[in-house]
Every structure is written in structure tokens, then in C-alpha cells.
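Q: Dropping the structure in here first, questions after.
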Amino acid sequence: MTDTMTDTMTDNDAAMRQHAASTPVPEFDDPAFTLPKPLAQAKVAIVTSAAIHVAGDTGWAPNADPHFKVLDDRARDLHLSHFSPNFDRSGFHSDINVVYPVDRLHELADRGVIGSVAPRHYAFAGNQDDTVSGIRLDSGPSAAKLMLEDGVDVVLLTPV
Amino acid sequence: MNTPRALHCQFPLGRPLGRPQDPDFQHAVLAAGLALLQRAEGPVLEDYPETIESAGEAPLACPLPPRYDPNLHPAVDEVQALRGAYDRAVERTGRTSVGRVVGPDGMADAVAAIVKISEGSAWNDAGLPGDPIQTVHDIRSYYEELGVELSDGPPAPWAAERWFYDVTEAGRAVIAARRAMKDAKAPFPLWFYMAPGGRT
């Protein structure tokens, strides 16, 4: 054991929760809320903030990079390139579905729980500025437009 | 923020669906989240009833190779000796998160540069393949991916991180380099983000 094996280190999750709790977030007076079609008829896409991309693609800039990657539903050669070291990465190494549950969605479609899985999913980088304005005003609507083109009814958002 | 429908899950960071290699658990989480779609009014924020704690997990029980070349720094010797395990991990999973600034062929040189920094070289004169944060991301990913491959069963939360930084020679060199950079007043982000913020 080294002097770094302390309770302080093992409580990294608690430290990050405390940090997140103190992070200002934008407030919206009129948040979006709709009723989708029945889930058994709905097409579902994943949007992740884990900064996932396919092998050979570039990643994101170190901070406040609002662009997104389009992930083909069939892609499994995936990199987790989120800038932060402050989360456990071994879960993704072991099983991408713990962050990006694409296989789970296909199982739900096979069982008839959801109507279908979207042909494209989307990855953003979660480390943004406090207003998240780049995503809210620019790249988010761009990704939404692509989802509407694909007939997506429900979006599953996963953080990391 | 008043997101339309949110399921708050108290799981270890990096595991939003809770447990790797546990489809039943992941499906239970998905079911709880998708059930929120039936709510006619929002915003909706609910807590998932099960919590997964992460404090106190032991490092991965993962064997490290014996020393091979006494002329090399232990960390460089170690990273070379583990290349076969890394290759097997990539072959089995079909993916890797290594390659942001250095690939597996350059890993020994990258670790050697980290060692130089730990021994007093300036971080920007040590031969890093990229900035320290990106370099350590690749080294850590290399180790954690092969560590998951060599150990039994799904990794416990943070066990791979503990194994890398506290047990392996390369991870210990990263911590030493981080301390050296801090002491030399290198730019804060460049040394701070070489390891999780909980490591002081």
C-alpha cells in the first residue's frame, strides 16, 4: 500500500458528487416535455455524454467542445475518450453497455418492449461550460434534426 | 435544470447502468428509466431504489510479470512485459481506448518519459508523445484494459484504477511524476488531471 491508499482516494465518487452539487446549472422557465407514442411502437436512440467515438476518429478538445459524433448502431469498436480521469473506466472496458447500452436496446426491441432501435446514436463530451450553451443552441439542435430524420421518438441519455 | 424525465442512479461514476457484464441489472435500470415515459406531467426526477457503493474496494487481483530486463527501469520493463496481455484484451473485445496520443507500440517510450519527469526532468522536455494528461490517459487505458483481461470476473468499481496507480510500477511512476510537476509549479491542469482528483 502507498500513502495514496487513503479514504480520501476511495471516496472519489463522493468528492465528485460534492463538486457537481456546487456547479451552477442553467434554469429553464419552460422546459421541454412531451408525451411520446407507446413505447412498444417507439424508435429509441442513445445520446451519451461519455465522449465515445469509433476507432480511427478523432476525439474532443480538452474542454467545452460542443460537437457530437454520430455512432452507427452497428459500431462496437468504440473508444471512451472523455477528458476527465475522475470516473471508473474499467466498466466500459469490460462491457460497453454499462455506459452505452446499445445491445440492451436491441434486446428490448427483440422482446417487443420498444418498437425499434435507431440506426444512429450520438456522443457528446460531458465536460462543458456552466451554461452548456454550445450544445443547447447549436450542436444539440443539429443532432436533434438528424434524429428527427431517422424518426426517433425516444432518446435515452447516458452520462459517465 | 428541469430535464423532462430523469432517473437519478447512485452508482459509481463511469457506470451509469450500474454493473458491467450484468444484463439483468442493466435491464432493470433501463426499465425504471423508460417507465418514466408514462408520466403525463413533468419534469420528473426519481431515484433508482438500489445504490452501488464504491468505497473500500480492493485493487484488481491481477498478476504482474516478474522482472525481465534489469537494465530497464521497472516501469518500462513492466509495460513491455504486459504487451501480450494487452494484445489479447484487444483481440477479445475488439476495441481499445488507447491511442489518444500514443499507441501500444509507443507505450514503453511514453512510460520512460513519465519516469524521467518523476526523476526531475521538465515535463515539456522529457519526450512525452503528447501533453501529460493525454499521455497518462493512454497509459492508464492500456493497463486497465489488460488488467480487466487478466483478472477474473467483472471489475469492481475503481479496482482497476487502484491497481494501476497503487500497485503497478507505471502507475506509481505517474503519481511520482505528478508530484514532481506540482512541486516544479507546472501548469495546474497538466499535473492535476494525470490522476483522479481524489488523489492528493
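Labels for the C-alpha cells follow display order: chains A, B, ..., residues from 1 in each chain, ligands from 1.
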Could you list, as a count of residues only, the residues of chain B having an atom within 7 Å of chain A when counting only C-alpha atoms?
A: 39
Q: Just asking: which residues within range 21-184 of chain B are helix (DSSP H, G or I) according to DSSP, as a VMD selection string?
A: chain B and resid 23 to 38 74 to 81 83 to 93 104 to 118 123 to 125 132 to 150 159 to 167 169 to 183
Q: Mind pulling up the distance from CA of Ala110 in chain B to CA of Leu64 in chain B?
A: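 Separation between CA of Leu64 in chain B and CA of Ala110 in chain B: 19.2 Å.
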Q: Which of these, B:Gly147, B:Pro65, B:Pro70, B:Pro43, has the shortest distance to Trp163 in chain B once you count only C-alpha atoms?
A: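 Nearest candidate to Trp163 in chain B out of B:Gly147, B:Pro65, B:Pro70, B:Pro43: B:Gly147.
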Q: Using only C-alpha atoms, which residue out of B:Leu128, B:Ala156, B:Cys9, B:Ala122 lies closest to Ala108 in chain B?
A: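 Distance minimum relative to Ala108 in chain B lands on B:Leu128.
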Q: Residues at most 9 Å from Arg83 in chain B, counting only C-alpha atoms, excluding those fewer than 2 positions away in the same chain, as a list in words?
A: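 Listed by chain and then number, they are Glu78, Val79, Gln80, Ala81, Ala85, Tyr86, Asp87, Arg88, Pro104, Asp105, Tyr142 and Leu146 of chain B.
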Q: Got time to write the residues from that selection, C-alpha atoms, as a tab-separated table (two decimals), in the first residue's frame?
A:
```
chain	number	residue	atom	x	y	z
B	78	GLU	CA	6.73	-3.95	-16.77
B	79	VAL	CA	4.88	-2.20	-19.59
B	80	GLN	CA	6.81	-4.17	-22.19
B	81	ALA	CA	6.19	-7.44	-20.41
B	85	ALA	CA	-1.87	-9.34	-22.27
B	86	TYR	CA	-2.92	-6.03	-23.80
B	87	ASP	CA	-2.98	-7.54	-27.29
B	88	ARG	CA	-5.15	-10.41	-26.05
B	104	PRO	CA	0.72	0.35	-27.83
B	105	ASP	CA	3.96	0.37	-29.83
B	142	TYR	CA	-3.52	0.24	-21.68
B	146	LEU	CA	-5.19	-5.64	-19.86
```
Q: Quick check, in Å to one decimal: how far apart do CA of Phe11 in chain B and CA of Asp138 in chain B lie?
A: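 The value is 24.8 Å.
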Q: Out of range 14-158 of chain A, which residues get strand (DSSP E) from DSSP, as JSON, numbers by chain?
A: {"A": [43, 44, 45, 46, 47, 48, 52, 53, 54, 69, 70, 71, 72, 78, 79, 80, 116, 117, 120, 121, 122, 123, 154, 155, 156, 157, 158]}
Q: Those residues with N, CA and C atoms, as a PDB file, in the first residue's frame please?
A:
```
ATOM      1  N   LYS A  43     -39.283   4.364 -31.639  1.00  0.00           N
ATOM      2  CA  LYS A  43     -37.893   4.171 -32.056  1.00  0.00           C
ATOM      3  C   LYS A  43     -37.007   4.907 -31.049  1.00  0.00           C
ATOM      4  N   VAL A  44     -36.012   4.230 -30.524  1.00  0.00           N
ATOM      5  CA  VAL A  44     -35.192   4.752 -29.424  1.00  0.00           C
ATOM      6  C   VAL A  44     -33.751   4.941 -29.870  1.00  0.00           C
ATOM      7  N   ALA A  45     -33.191   6.106 -29.545  1.00  0.00           N
ATOM      8  CA  ALA A  45     -31.778   6.400 -29.803  1.00  0.00           C
ATOM      9  C   ALA A  45     -31.073   6.684 -28.481  1.00  0.00           C
ATOM     10  N   ILE A  46     -29.778   6.443 -28.473  1.00  0.00           N
ATOM     11  CA  ILE A  46     -28.937   6.767 -27.311  1.00  0.00           C
ATOM     12  C   ILE A  46     -28.208   8.067 -27.602  1.00  0.00           C
ATOM     13  N   VAL A  47     -28.183   8.936 -26.607  1.00  0.00           N
ATOM     14  CA  VAL A  47     -27.308  10.098 -26.627  1.00  0.00           C
ATOM     15  C   VAL A  47     -26.458  10.008 -25.366  1.00  0.00           C
ATOM     16  N   THR A  48     -25.152   9.931 -25.541  1.00  0.00           N
ATOM     17  CA  THR A  48     -24.272   9.798 -24.389  1.00  0.00           C
ATOM     18  C   THR A  48     -23.362  11.013 -24.277  1.00  0.00           C
ATOM     19  N   ILE A  52     -17.743   9.114 -26.568  1.00  0.00           N
ATOM     20  CA  ILE A  52     -17.420   7.847 -27.237  1.00  0.00           C
ATOM     21  C   ILE A  52     -17.274   8.105 -28.728  1.00  0.00           C
ATOM     22  N   HIS A  53     -16.279   7.514 -29.331  1.00  0.00           N
ATOM     23  CA  HIS A  53     -16.158   7.591 -30.788  1.00  0.00           C
ATOM     24  C   HIS A  53     -15.641   6.266 -31.329  1.00  0.00           C
ATOM     25  N   VAL A  54     -15.793   6.092 -32.620  1.00  0.00           N
ATOM     26  CA  VAL A  54     -15.328   4.852 -33.235  1.00  0.00           C
ATOM     27  C   VAL A  54     -13.823   4.923 -33.453  1.00  0.00           C
ATOM     28  N   LYS A  69     -20.494  13.286 -32.148  1.00  0.00           N
ATOM     29  CA  LYS A  69     -20.170  12.231 -33.103  1.00  0.00           C
ATOM     30  C   LYS A  69     -21.444  11.441 -33.365  1.00  0.00           C
ATOM     31  N   VAL A  70     -21.577  11.011 -34.601  1.00  0.00           N
ATOM     32  CA  VAL A  70     -22.664  10.117 -34.965  1.00  0.00           C
ATOM     33  C   VAL A  70     -22.139   8.689 -34.884  1.00  0.00           C
ATOM     34  N   LEU A  71     -22.797   7.842 -34.126  1.00  0.00           N
ATOM     35  CA  LEU A  71     -22.380   6.450 -33.955  1.00  0.00           C
ATOM     36  C   LEU A  71     -23.357   5.536 -34.678  1.00  0.00           C
ATOM     37  N   ASP A  72     -22.854   4.868 -35.690  1.00  0.00           N
ATOM     38  CA  ASP A  72     -23.690   3.885 -36.373  1.00  0.00           C
ATOM     39  C   ASP A  72     -24.134   2.835 -35.355  1.00  0.00           C
ATOM     40  N   LEU A  78     -15.347   0.853 -30.173  1.00  0.00           N
ATOM     41  CA  LEU A  78     -15.589   2.169 -29.599  1.00  0.00           C
ATOM     42  C   LEU A  78     -14.517   2.560 -28.592  1.00  0.00           C
ATOM     43  N   HIS A  79     -14.166   3.826 -28.628  1.00  0.00           N
ATOM     44  CA  HIS A  79     -13.240   4.408 -27.668  1.00  0.00           C
ATOM     45  C   HIS A  79     -14.004   5.267 -26.683  1.00  0.00           C
ATOM     46  N   LEU A  80     -13.590   5.233 -25.440  1.00  0.00           N
ATOM     47  CA  LEU A  80     -14.118   6.140 -24.429  1.00  0.00           C
ATOM     48  C   LEU A  80     -13.064   7.219 -24.225  1.00  0.00           C
ATOM     49  N   SER A 116     -38.312  -0.125 -31.946  1.00  0.00           N
ATOM     50  CA  SER A 116     -37.107  -0.376 -32.736  1.00  0.00           C
ATOM     51  C   SER A 116     -35.966   0.462 -32.181  1.00  0.00           C
ATOM     52  N   VAL A 117     -34.763   0.148 -32.663  1.00  0.00           N
ATOM     53  CA  VAL A 117     -33.562   0.896 -32.288  1.00  0.00           C
ATOM     54  C   VAL A 117     -33.183   1.804 -33.453  1.00  0.00           C
ATOM     55  N   ARG A 120     -28.818   5.410 -35.889  1.00  0.00           N
ATOM     56  CA  ARG A 120     -27.690   6.242 -35.465  1.00  0.00           C
ATOM     57  C   ARG A 120     -27.902   6.712 -34.033  1.00  0.00           C
ATOM     58  N   HIS A 121     -26.799   6.720 -33.285  1.00  0.00           N
ATOM     59  CA  HIS A 121     -26.788   7.260 -31.929  1.00  0.00           C
ATOM     60  C   HIS A 121     -25.768   8.394 -31.880  1.00  0.00           C
ATOM     61  N   TYR A 122     -25.708   9.087 -30.738  1.00  0.00           N
ATOM     62  CA  TYR A 122     -24.936  10.334 -30.697  1.00  0.00           C
ATOM     63  C   TYR A 122     -24.100  10.421 -29.423  1.00  0.00           C
ATOM     64  N   ALA A 123     -22.891  10.931 -29.576  1.00  0.00           N
ATOM     65  CA  ALA A 123     -21.998  11.100 -28.437  1.00  0.00           C
ATOM     66  C   ALA A 123     -21.550  12.544 -28.348  1.00  0.00           C
ATOM     67  N   VAL A 154     -37.915   8.452 -28.912  1.00  0.00           N
ATOM     68  CA  VAL A 154     -37.452   8.496 -27.520  1.00  0.00           C
ATOM     69  C   VAL A 154     -35.935   8.521 -27.524  1.00  0.00           C
ATOM     70  N   VAL A 155     -35.362   9.357 -26.663  1.00  0.00           N
ATOM     71  CA  VAL A 155     -33.915   9.435 -26.510  1.00  0.00           C
ATOM     72  C   VAL A 155     -33.535   8.962 -25.115  1.00  0.00           C
ATOM     73  N   LEU A 156     -32.557   8.066 -25.061  1.00  0.00           N
ATOM     74  CA  LEU A 156     -32.005   7.602 -23.791  1.00  0.00           C
ATOM     75  C   LEU A 156     -30.684   8.337 -23.587  1.00  0.00           C
ATOM     76  N   LEU A 157     -30.639   9.192 -22.583  1.00  0.00           N
ATOM     77  CA  LEU A 157     -29.429   9.974 -22.294  1.00  0.00           C
ATOM     78  C   LEU A 157     -28.610   9.258 -21.230  1.00  0.00           C
ATOM     79  N   THR A 158     -27.333   8.991 -21.524  1.00  0.00           N
ATOM     80  CA  THR A 158     -26.472   8.371 -20.513  1.00  0.00           C
ATOM     81  C   THR A 158     -25.266   9.253 -20.248  1.00  0.00           C
TER      82      THR A 158
END
```
Q: Counting only C-alpha atoms, which of B:Ser141, B:Gln10, B:Ser151, B:Thr93 gets nearest to Leu60 in chain B?
A: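 Residue with the minimum atom-to-atom distance to Leu60 in chain B: B:Ser151.
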Q: Rank A:Ala143, A:Asp153, A:Ala21, A:His67 by their smallest atom-to-atom distance to Gly115 in chain A, using only C-alpha atoms, and report the top residue only.
A: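 Answer, going by the shortest atom-to-atom distance: A:Asp153.
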Q: Please compute the CA of Ala184 in chain B-CA of Arg140 in chain B distance, one decimal, in Å.
A: 23.2 Å
Q: So, with only C-alpha atoms as the atoms that count, which of B:Met181, B:Leu37, B:Leu45, B:Ile52 lies closest to Ser118 in chain B?
A: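 Among the listed residues, the smallest separation from Ser118 in chain B belongs to B:Met181.
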Q: Under the rule that only C-alpha atoms are counted, which of A:Ala125, A:Ala42, A:Ala51, A:Ile135 is the nearest residue to Ala109 in chain A?
A: A:Ala42
Q: Please provide the set of residues having any atom within 6 Å of range 168-177 of chain B, restricted to only C-alpha atoms, with same-chain residues fewer than 5 positions apart removed, written as a ChimeraX atom specification.
A: /B:75,115,117-118
Q: Go ahead and save the residues from that selection, with N, CA and C atoms, as a PDB file, in the first residue's frame.
A:
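Generated output (selection_35.pdb):
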```pdb
ATOM      1  N   ALA B  75       9.322   0.241 -14.391  1.00  0.00           N
ATOM      2  CA  ALA B  75       8.063   0.596 -15.052  1.00  0.00           C
ATOM      3  C   ALA B  75       8.141   0.298 -16.548  1.00  0.00           C
ATOM      4  N   VAL B 115       8.778   8.424 -16.336  1.00  0.00           N
ATOM      5  CA  VAL B 115       9.821   8.148 -15.342  1.00  0.00           C
ATOM      6  C   VAL B 115      10.802   9.318 -15.279  1.00  0.00           C
ATOM      7  N   ILE B 117      10.255  12.409 -15.891  1.00  0.00           N
ATOM      8  CA  ILE B 117       9.630  13.525 -15.173  1.00  0.00           C
ATOM      9  C   ILE B 117       9.650  13.265 -13.679  1.00  0.00           C
ATOM     10  N   SER B 118       9.369  12.028 -13.297  1.00  0.00           N
ATOM     11  CA  SER B 118       9.374  11.691 -11.868  1.00  0.00           C
ATOM     12  C   SER B 118      10.756  11.872 -11.257  1.00  0.00           C
TER      13      SER B 118
END
```
